[in-house]
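As structure tokens, the structure follows; a few thoughts come after it.
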Amino acid sequence: MMTVTTVNTDIELSERFHWIGRLLEGWSIYRKSLLGKIGLTLLLLFALMALCSFIPPWADPMYHPMTGVDPEISYSVGPSMRHWLGTDFMGRDILSQLLAGAKIAFMVGVSAAFMSVFLGTAIGMIAGYTGRFTDSLLMRLADMIMVMPALLVLLMLAALFGQLSIWFIVLFIALFRWPGVSRVIRAQTLSLKHRPFIEAARVAGASHLRIIFRHIMPNVLPLSFLYMTFQVTSAIIIEAALAFLGFGDPGTVSWGMMLQWVWKTGHMFRAPYWLLPPGICISLITLSFYMLGRAMDEVLDPRLRKEGETD
Amino acid sequence: MIDKGKEIILELEHIVKRYRTRGSFFGTHGKDVIALDQVSIRVVRGEIFGLVGESGSGKTTAGRLIVRLEEPEEGKIYLDSNEIAALKGNALREFRRKVQMIFQDPYQSLNPQFSVFDAVSEPLIIHKIGNAEARKDSVWQAMKSVGLSPPDDFAHRYPHQLSGGQRQRVAIARAMILKPEFVVADEPTSMLDASISAQIFNILLEMREKLHVSFLFITHSLAAARYLCDRIAVIYRGNLVEMGPGDEVIQNPKHPYTQALIDALPKFGYSGEVKRYQTLLRAERETSEYVGCPFLGRCKVADETKCSRKKPPLKRLGDSHSVACFYTEPEVKTGSGSKE
Amino acid sequence: MALLVAENLSVGYQTQKGYLHAVEGVSFSLGAGKSLGFVGESGCGKTTLGMALMRLLPPNGMIRQGRIFFDGEDLLQKTDEEMRQVRWKKIAMIFQAAMNALNPVHRIIDQIAEAILTHDPLCDKEEAYEQVRGLFQLVGLPQDRMRDYPHQYSGGMKQRAVIAMALACQPKLIIADEPTTALDVLVQDQILQETKNLQKEFGISIIYISHDISIVADVCHDVGIMYAGQLVEYGAREEIFDSPRHPYTKALLSSYPTLTGEKNRLVPIPGETPNLIHPPLGCRFCDRCSRGSVSCRTETPVWIEISPRHKTLCD
């Protein structure tokens with residue numbers, strides 16, 4: 001016969017264990033999706049790139065993406081043994097720029113996505129649950145933001161404050177992207193609000209705050225999580241677009257920045273080894289996040305899963 | 001109607017509940033739907049009171065008003081002689097500890113993200129009762145009392161891993177863990193198979209024995225009401241049409257609607273094809289809404305002039321049996337004639 | 001003589017967790033103009049049986065074994081195109097919650113007319129509408145409501161419309177799966193009585209599938225009790241209800257509260273239904289049976305004939 005304390009921890013363990021069990025079950029479903037596997041593989045590749053971004057400059061300072069100076073090359077030249085992808089217009093190594101760009105893509109993508117989903121979920125839940133005046137207020141705010149031309153506002157801000165730092169861009173993306181998430185979360189909250197288990201919680205005496213955080217949030221988080229993958233996609237593209245248009249942070253090397261340099265220095269049609277890698281990377285990383293999201297959709301929504309077919 | 005000596009735990013007094021449907025886009029006013037019309041019920045402490053009706057009768061609404069998921073437009077509800085509409089703050093929390101509800105749909109009344117342990121311990125956490133150890137003990141006890149034994153097996157399971165019957169037991173354990181005084185059971189077995197329903201009925205009876213809980217058992221099945229309930233009230237379109245001791249109402253139904261319900265129930269191959277009471281019209285007749293007897297549209301024994309003018313009040317016949325009909329007769333169906 | 005004969009029918013589904021034996025070795029025969037009810041609780045295979053008879057199983061379902069003879073022809077030998085000819089013209093089906101299967105954007109009259117026109121290309125629209133008028137009268141729907149949309153009908157009316165659609169092509173057999181769940185008690189009773197009358201008038205055979213023994217109890221000539229994919233007792237209605245033999249039938253009957261007679265304590269059936277992916281050898285009811293013996297668990301039960309119209313898998 002176990003003591004009470006042991007049984008207590010047993011329950012906690014079996015709960016945590018069960019959480020792991022569900023993760024494993026989700027993984028086995030995920031694994032079956034071809035899209036999911038391709039997406040994950042690509043993402044792991046990019047993650048590897050990001051992790052290895054410190055290697056070239058560490059090996060030899062001339063490989064530094066921003067400040068690297070090759071004593072022999074000070075212009076753009078094609079791939080060689082020395083520079084596997086060639087050099088940019090200042091003689092800097094393109095491969096190390098590409099690796100650094102991967103790092104930025106992940107940083108920007110994930111942070112901006114996380115912030116926008118966090119805001120969107122919180123606001124969506126509160127709007128959906130409280131209803132009436134607060135709901136209208138928040139949703140009108142969301143509408144206004146959705147309607148605003150993000151680029152124009154950014155232009156104005158750039159004009160006011162000069163060049164924008166990368167973290168400002170991240171914040172900016174988050175502030176402009178939360179409305180989309182909040183609409184979906186609000187709809188989900190509305191449908192949950194009237195489900196019997198929520199009413200049961202009310203009858204049991206739960207406060208509104210408890211219902212929102214303990215009952216509604218866990219049921220809404222899978223959707224948020226799913227949206228995060230899509231938001232990463234758009235965050236990366238927005239940052240690349242901003243950088244390409246010249247509104248990026250000049251102190252960081254992102255793929256968008258690389259594209260800007262190619263264009264600005266007139267190498268668009270002259271240096272495919274410089275133009276193509278960042279372009280392909282942007283496309284591929286967004287594609288892989290998208291595939292990840294699609295595969296997760298199957299994990300989260302049991303109805304989309306296929307049963308075994310007969311021959 | 002009830003022995004004066006017995007204590008009344010819950011009372012509904014002239015309850016009226018209206019829903020306003022929204023008007024159409026072109027500006028016509030919304031219509032009022034009267035879900036409950038002057039409904040008064042008294043439940044004695046320790047009894048199981050059955051509220052029997054079909055869909056749209058208002059029975060579920062009555063249950064929801066009692067647990068304060070909604071508020072009535074008119075009338076008052078008393079728990080232990082205290083009016084519940086006025087309760088706020090701590091008093092409201094106390095009320096929530098004493099009055100609980102078991103919902104109809106076992107597939108929707110449990111949070112899919114909560115384990116059985118989470119679900120059953122939730123009310124204790126909300127009311128800040130006991131520490132983790134004491135809570136665990138209470139949950140174990142509650143699970144054993146509804147037959148989810150051994151508790152170790154079930155505590156960490158999630159709703160999608162349980163059958164409908166098991167989920168409903170979790171819902172019962174959750175409702176009972178605070179040792180409430182009054183429980184509204186809203187069609188707890190209508191989505192379950194017969195053999196599982198039988199298990200649930202017996203659990204409810206045990207709860208009444210052990211915890212001295214009073215129940216309002218809402219159902220569309222007169223047979224289930226007969227099995228479980230001490231007294232039964234039959235409700236039709238928001239109006240109470242008959243009320244009395246269970247056996248009395250079923251063996252001696254006086255209202256044409258109750259009689260029609262009994263006619264419609266299965267005889268399991270016994271007795272011939274002939275219905276006993278035959279009070280139902282095949283096709284509905286035209287009536288104006290909310291004026292006159294609510295059952296007029298389908299009543300074979302009705303008199304169109306008398307029954308369309310006024311709504312028959314709930315009148316007491318004899319001891320504790322009440323009927324709302326202008327034509328209540330003694331035993332045999334003879335002619336018309338009103339009784340005291 | 002018999003309109004529909006099933007021999008040793010076994011149906012299953014291929015699922016992620018393995019092959020699910022939904023129906024095992026079911027045999028029965030149904031005469032013209034008779035009604036047969038299949039009763040069982042969730043998971044007993046009755047819906048699967050109904051769908052298999054019409055060969056309407058989902059992609060992962062298959063009829064593993066057995067034969068189905070309808071009007072002398074082996075349905076399992078037919079091609080898809082031939083089955084389509086059989087469906088609705090000879091065998092009509094009323095699905096669960098059929099009233100929700102009415103297309104909300106088409107008028108009722110159009111939906112029923114479409115069923116007629118699809119299966120009788122020689123018919124023209126006017127004739128079809130005439131037939132619909134006749135059907136409405138048959139099922140007790142008012143003529144002036146023919147051009148309404150489904151949402152304007154009450155639950156009972158929708159069900160009647162669905163029955164009219166099933167009758168539209170004058171089938172010989174109707175398979176009704178839970179035809180009256182979601183309807184109120186009074187409407188349910190009315191519709192069942194009316195269906196019984198229609199059946200007598202037109203000599204249609206009906207198979208009722210229900211979890212509710214009360215529906216089957218009043219309207220069927222013969223009853224089959226199903227448990228865990230198998231038919232455990234089969235016979236004339238009176239004999240089954242007067243003298244049930246199989247322990248499951250007895251247990252099922254005693255878990256229904258009655259309106260008359262003694263108020264005995266309801267005896268629920270302990271335990272849960274068996275896993276059909278790995279079904280037990282021997283009797284499937286054994287775990288929950290009050291009379292289980294060692295031989296029950298290991299030996300495959302055999303049919304015991306109690307009377308010409310009553311057989312059971314256990315005595």
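Numbering starts fresh at 1 for the residues of each chain in the structure tokens, the chains themselves are lettered A, B, ... in the order given, and ligands are numbered from 1 as they appear.
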
Mind listing as number ranges by chain which residues of chain B are within 10 Å of chain C, counting only C-alpha atoms? B: 53-56, 163, 165-166, 192-202, 220-228, 247, 250-251, 257, 260-270, 272-273, 280, 282-283

Determine which residues of segment 33-237 of chain A DSSP labels as alpha helix (DSSP H) from the backbone of this structure, then write them out as a VMD selection string. chain A and resid 34 to 51 55 to 59 94 to 130 132 to 147 150 to 161 166 to 193 196 to 204 208 to 210 217 to 237

Using only C-alpha atoms, what does the table of chain B residues within 8 Å of chain A look like, with each row giving the shortest atom pair and its distance in Å to one decimal, sorted by chain and ascending number, as JSON lines?
{"residue": "B:Val67", "atom": "CA", "partner": "A:Val203", "partner_atom": "CA", "distance": 6.5}
{"residue": "B:Arg68", "atom": "CA", "partner": "A:Val203", "partner_atom": "CA", "distance": 7.7}
{"residue": "B:Leu69", "atom": "CA", "partner": "A:Val203", "partner_atom": "CA", "distance": 7.2}
{"residue": "B:Arg93", "atom": "CA", "partner": "A:Gly205", "partner_atom": "CA", "distance": 5.9}
{"residue": "B:Arg96", "atom": "CA", "partner": "A:Gly205", "partner_atom": "CA", "distance": 5.4}
{"residue": "B:Arg97", "atom": "CA", "partner": "A:Ala204", "partner_atom": "CA", "distance": 6.8}
{"residue": "B:Val99", "atom": "CA", "partner": "A:Val203", "partner_atom": "CA", "distance": 8.0}
{"residue": "B:Gln100", "atom": "CA", "partner": "A:Val203", "partner_atom": "CA", "distance": 6.3}
{"residue": "B:Met101", "atom": "CA", "partner": "A:Val203", "partner_atom": "CA", "distance": 7.1}
{"residue": "B:Phe103", "atom": "CA", "partner": "A:Pro196", "partner_atom": "CA", "distance": 7.1}
{"residue": "B:Asp105", "atom": "CA", "partner": "A:Pro196", "partner_atom": "CA", "distance": 7.8}
{"residue": "B:Gln108", "atom": "CA", "partner": "A:Pro196", "partner_atom": "CA", "distance": 5.7}
{"residue": "B:Ser109", "atom": "CA", "partner": "A:Phe197", "partner_atom": "CA", "distance": 4.0}
{"residue": "B:Leu110", "atom": "CA", "partner": "A:Phe197", "partner_atom": "CA", "distance": 5.0}
{"residue": "B:Asn111", "atom": "CA", "partner": "A:Phe197", "partner_atom": "CA", "distance": 5.5}
{"residue": "B:Pro112", "atom": "CA", "partner": "A:Asn219", "partner_atom": "CA", "distance": 7.8}
{"residue": "B:Gln113", "atom": "CA", "partner": "A:Pro218", "partner_atom": "CA", "distance": 6.7}
{"residue": "B:Pro123", "atom": "CA", "partner": "A:Ala204", "partner_atom": "CA", "distance": 5.6}
{"residue": "B:Ile126", "atom": "CA", "partner": "A:Ala206", "partner_atom": "CA", "distance": 5.8}
{"residue": "B:His127", "atom": "CA", "partner": "A:Gly205", "partner_atom": "CA", "distance": 7.5}
{"residue": "B:Glu133", "atom": "CA", "partner": "A:Val4", "partner_atom": "CA", "distance": 7.1}
{"residue": "B:Lys136", "atom": "CA", "partner": "A:Asn8", "partner_atom": "CA", "distance": 7.7}
{"residue": "B:Ala155", "atom": "CA", "partner": "A:Ile11", "partner_atom": "CA", "distance": 7.9}
{"residue": "B:His156", "atom": "CA", "partner": "A:Glu15", "partner_atom": "CA", "distance": 6.2}
{"residue": "B:Ala175", "atom": "CA", "partner": "A:Ala204", "partner_atom": "CA", "distance": 7.9}

DSSP on the backbone: which residues in segment 2-133 of chain C end up as strand (DSSP E or B)? Give the answer as a ChimeraX atom specification. /C:2-15,18-31,35-39,61-70,73-74,87,91-94

Store the residues picked out above in a file with C-alpha atoms, as a PDB file, in the first residue's frame.
ATOM      1  CA  ALA C   2     -38.153 -15.117 -48.749  1.00  0.00           C
ATOM      2  CA  LEU C   3     -37.376 -11.681 -50.100  1.00  0.00           C
ATOM      3  CA  LEU C   4     -34.027 -11.209 -48.407  1.00  0.00           C
ATOM      4  CA  VAL C   5     -31.719 -13.918 -47.162  1.00  0.00           C
ATOM      5  CA  ALA C   6     -28.370 -13.326 -45.518  1.00  0.00           C
ATOM      6  CA  GLU C   7     -26.029 -16.261 -45.016  1.00  0.00           C
ATOM      7  CA  ASN C   8     -23.167 -16.143 -42.581  1.00  0.00           C
ATOM      8  CA  LEU C   9     -22.421 -12.496 -43.243  1.00  0.00           C
ATOM      9  CA  SER C  10     -19.211 -11.096 -41.821  1.00  0.00           C
ATOM     10  CA  VAL C  11     -18.276  -7.435 -42.228  1.00  0.00           C
ATOM     11  CA  GLY C  12     -15.342  -5.482 -40.889  1.00  0.00           C
ATOM     12  CA  TYR C  13     -13.325  -2.284 -41.066  1.00  0.00           C
ATOM     13  CA  GLN C  14      -9.638  -1.745 -41.594  1.00  0.00           C
ATOM     14  CA  THR C  15      -8.537   0.761 -38.970  1.00  0.00           C
ATOM     15  CA  GLY C  18      -6.114  -3.279 -36.835  1.00  0.00           C
ATOM     16  CA  TYR C  19      -9.030  -5.082 -38.408  1.00  0.00           C
ATOM     17  CA  LEU C  20     -12.291  -4.489 -36.589  1.00  0.00           C
ATOM     18  CA  HIS C  21     -14.706  -7.432 -36.722  1.00  0.00           C
ATOM     19  CA  ALA C  22     -17.907  -5.430 -36.800  1.00  0.00           C
ATOM     20  CA  VAL C  23     -20.321  -8.187 -37.857  1.00  0.00           C
ATOM     21  CA  GLU C  24     -19.644 -11.922 -37.524  1.00  0.00           C
ATOM     22  CA  GLY C  25     -21.585 -14.732 -39.100  1.00  0.00           C
ATOM     23  CA  VAL C  26     -25.051 -13.195 -39.233  1.00  0.00           C
ATOM     24  CA  SER C  27     -27.765 -15.188 -40.997  1.00  0.00           C
ATOM     25  CA  PHE C  28     -31.434 -14.334 -41.288  1.00  0.00           C
ATOM     26  CA  SER C  29     -34.295 -14.383 -43.749  1.00  0.00           C
ATOM     27  CA  LEU C  30     -37.053 -11.885 -44.322  1.00  0.00           C
ATOM     28  CA  GLY C  31     -40.298 -12.637 -46.126  1.00  0.00           C
ATOM     29  CA  SER C  35     -40.808  -6.552 -40.770  1.00  0.00           C
ATOM     30  CA  LEU C  36     -37.642  -7.510 -38.973  1.00  0.00           C
ATOM     31  CA  GLY C  37     -35.996  -5.557 -36.206  1.00  0.00           C
ATOM     32  CA  PHE C  38     -32.346  -5.614 -35.204  1.00  0.00           C
ATOM     33  CA  VAL C  39     -31.781  -4.467 -31.663  1.00  0.00           C
ATOM     34  CA  GLY C  61     -15.095  -1.386 -44.811  1.00  0.00           C
ATOM     35  CA  MET C  62     -15.456  -4.766 -46.463  1.00  0.00           C
ATOM     36  CA  ILE C  63     -17.688  -7.787 -46.558  1.00  0.00           C
ATOM     37  CA  ARG C  64     -15.304 -10.525 -45.736  1.00  0.00           C
ATOM     38  CA  GLN C  65     -17.561 -13.504 -45.971  1.00  0.00           C
ATOM     39  CA  GLY C  66     -21.109 -14.574 -46.578  1.00  0.00           C
ATOM     40  CA  ARG C  67     -23.861 -14.038 -49.101  1.00  0.00           C
ATOM     41  CA  ILE C  68     -26.831 -11.754 -49.507  1.00  0.00           C
ATOM     42  CA  PHE C  69     -29.746 -12.898 -51.658  1.00  0.00           C
ATOM     43  CA  PHE C  70     -32.350 -10.365 -52.607  1.00  0.00           C
ATOM     44  CA  GLU C  73     -30.217 -12.567 -56.839  1.00  0.00           C
ATOM     45  CA  ASP C  74     -26.847 -12.554 -55.122  1.00  0.00           C
ATOM     46  CA  ARG C  87     -30.784   0.872 -54.612  1.00  0.00           C
ATOM     47  CA  ILE C  91     -34.231  -1.336 -51.649  1.00  0.00           C
ATOM     48  CA  ALA C  92     -34.555   2.068 -50.050  1.00  0.00           C
ATOM     49  CA  MET C  93     -32.715   3.202 -46.966  1.00  0.00           C
ATOM     50  CA  ILE C  94     -33.562   5.688 -44.259  1.00  0.00           C
TER      51      ILE C  94
END

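When only C-alpha atoms are used to compute distances to Glu73 of chain B, the closest of the residues B:Glu47, B:Asp37, B:Asp303, B:Glu181 turns out to be B:Asp37.
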
Can you list, as a list in words, every protein, DNA or RNA residue that comes within 9 Å of His106 of chain C when you count only C-alpha atoms, leaving out same-chain residues fewer than 3 positions away? Leu102, Asn103, Ile109, Asp110, Gln111, Asp148, Tyr149 and Pro150 of chain C

Within 10 Å of Ser33 of chain A using only C-alpha atoms, minus same-chain residues under 6 positions, as a list in words: Gly39, Met291, Leu292, Arg294, Ala295, Met296, Glu298, Val299 and Arg305 of chain A

For Met146 of chain C, list every protein, DNA or RNA residue within 12 Å, evaluated using only C-alpha atoms, and leave out those in the same chain fewer than 4 positions away; present the list as an mmCIF file with C-alpha atoms, in the first residue's frame.
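Generated file (out.cif):
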data_model
loop_
_atom_site.group_PDB
_atom_site.id
_atom_site.type_symbol
_atom_site.label_atom_id
_atom_site.label_comp_id
_atom_site.auth_asym_id
_atom_site.auth_seq_id
_atom_site.Cartn_x
_atom_site.Cartn_y
_atom_site.Cartn_z
ATOM 1 C CA HIS C 106 -34.036 22.697 -52.234
ATOM 2 C CA ARG C 107 -37.777 22.478 -51.841
ATOM 3 C CA ILE C 108 -39.163 19.257 -50.470
ATOM 4 C CA ILE C 109 -41.190 18.580 -53.598
ATOM 5 C CA ASP C 110 -38.089 18.952 -55.750
ATOM 6 C CA GLN C 111 -36.047 16.591 -53.635
ATOM 7 C CA ILE C 112 -38.621 13.836 -53.773
ATOM 8 C CA ALA C 113 -39.265 14.422 -57.467
ATOM 9 C CA TYR C 129 -44.922 16.030 -59.168
ATOM 10 C CA GLU C 130 -48.199 14.097 -59.401
ATOM 11 C CA GLN C 131 -46.562 11.164 -57.718
ATOM 12 C CA VAL C 132 -45.236 13.413 -54.976
ATOM 13 C CA ARG C 133 -48.750 14.641 -54.357
ATOM 14 C CA GLY C 134 -49.856 11.063 -53.885
ATOM 15 C CA LEU C 135 -46.991 10.346 -51.552
ATOM 16 C CA PHE C 136 -47.768 13.344 -49.392
ATOM 17 C CA GLN C 137 -51.288 12.097 -48.936
ATOM 18 C CA GLY C 140 -50.057 12.392 -43.903
ATOM 19 C CA LEU C 141 -48.356 15.596 -44.954
ATOM 20 C CA PRO C 142 -50.526 18.570 -45.945
ATOM 21 C CA PRO C 150 -36.825 21.671 -44.964
ATOM 22 C CA GLN C 152 -39.896 25.159 -42.351
ATOM 23 C CA TYR C 153 -40.866 21.646 -41.348
ATOM 24 C CA MET C 157 -42.777 16.395 -40.732
ATOM 25 C CA LYS C 158 -39.201 16.049 -41.946
ATOM 26 C CA ALA C 161 -40.867 13.597 -45.904
ATOM 27 C CA ALA C 164 -42.123 9.645 -48.603
#

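Taking atom CA of Ala97 of chain C and atom CA of Gln159 of chain C as endpoints, the distance between them is 8.7 Å.
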
Report, in Å with one decimal, the straight-line distance from atom CA of Arg84 of chain C to atom CA of Lys125 of chain C. 21.5 Å

Contact residues around Ile306 of chain C with only C-alpha atoms at 10 Å, ignoring same-chain residues under 3 positions, as a PyMOL selection string: chain C and resi 235+239+245+303+309-312+315

With a distance cut-off of 10 Å and only C-alpha atoms, select the neighbouring residues of Phe46 of chain A, excluding the residue or stretch itself and same-chain residues fewer than 5 positions from it, and output the selection as a PyMOL selection string. chain A and resi 40-41+51-52+99+101-103+105-106+281+284-285+288
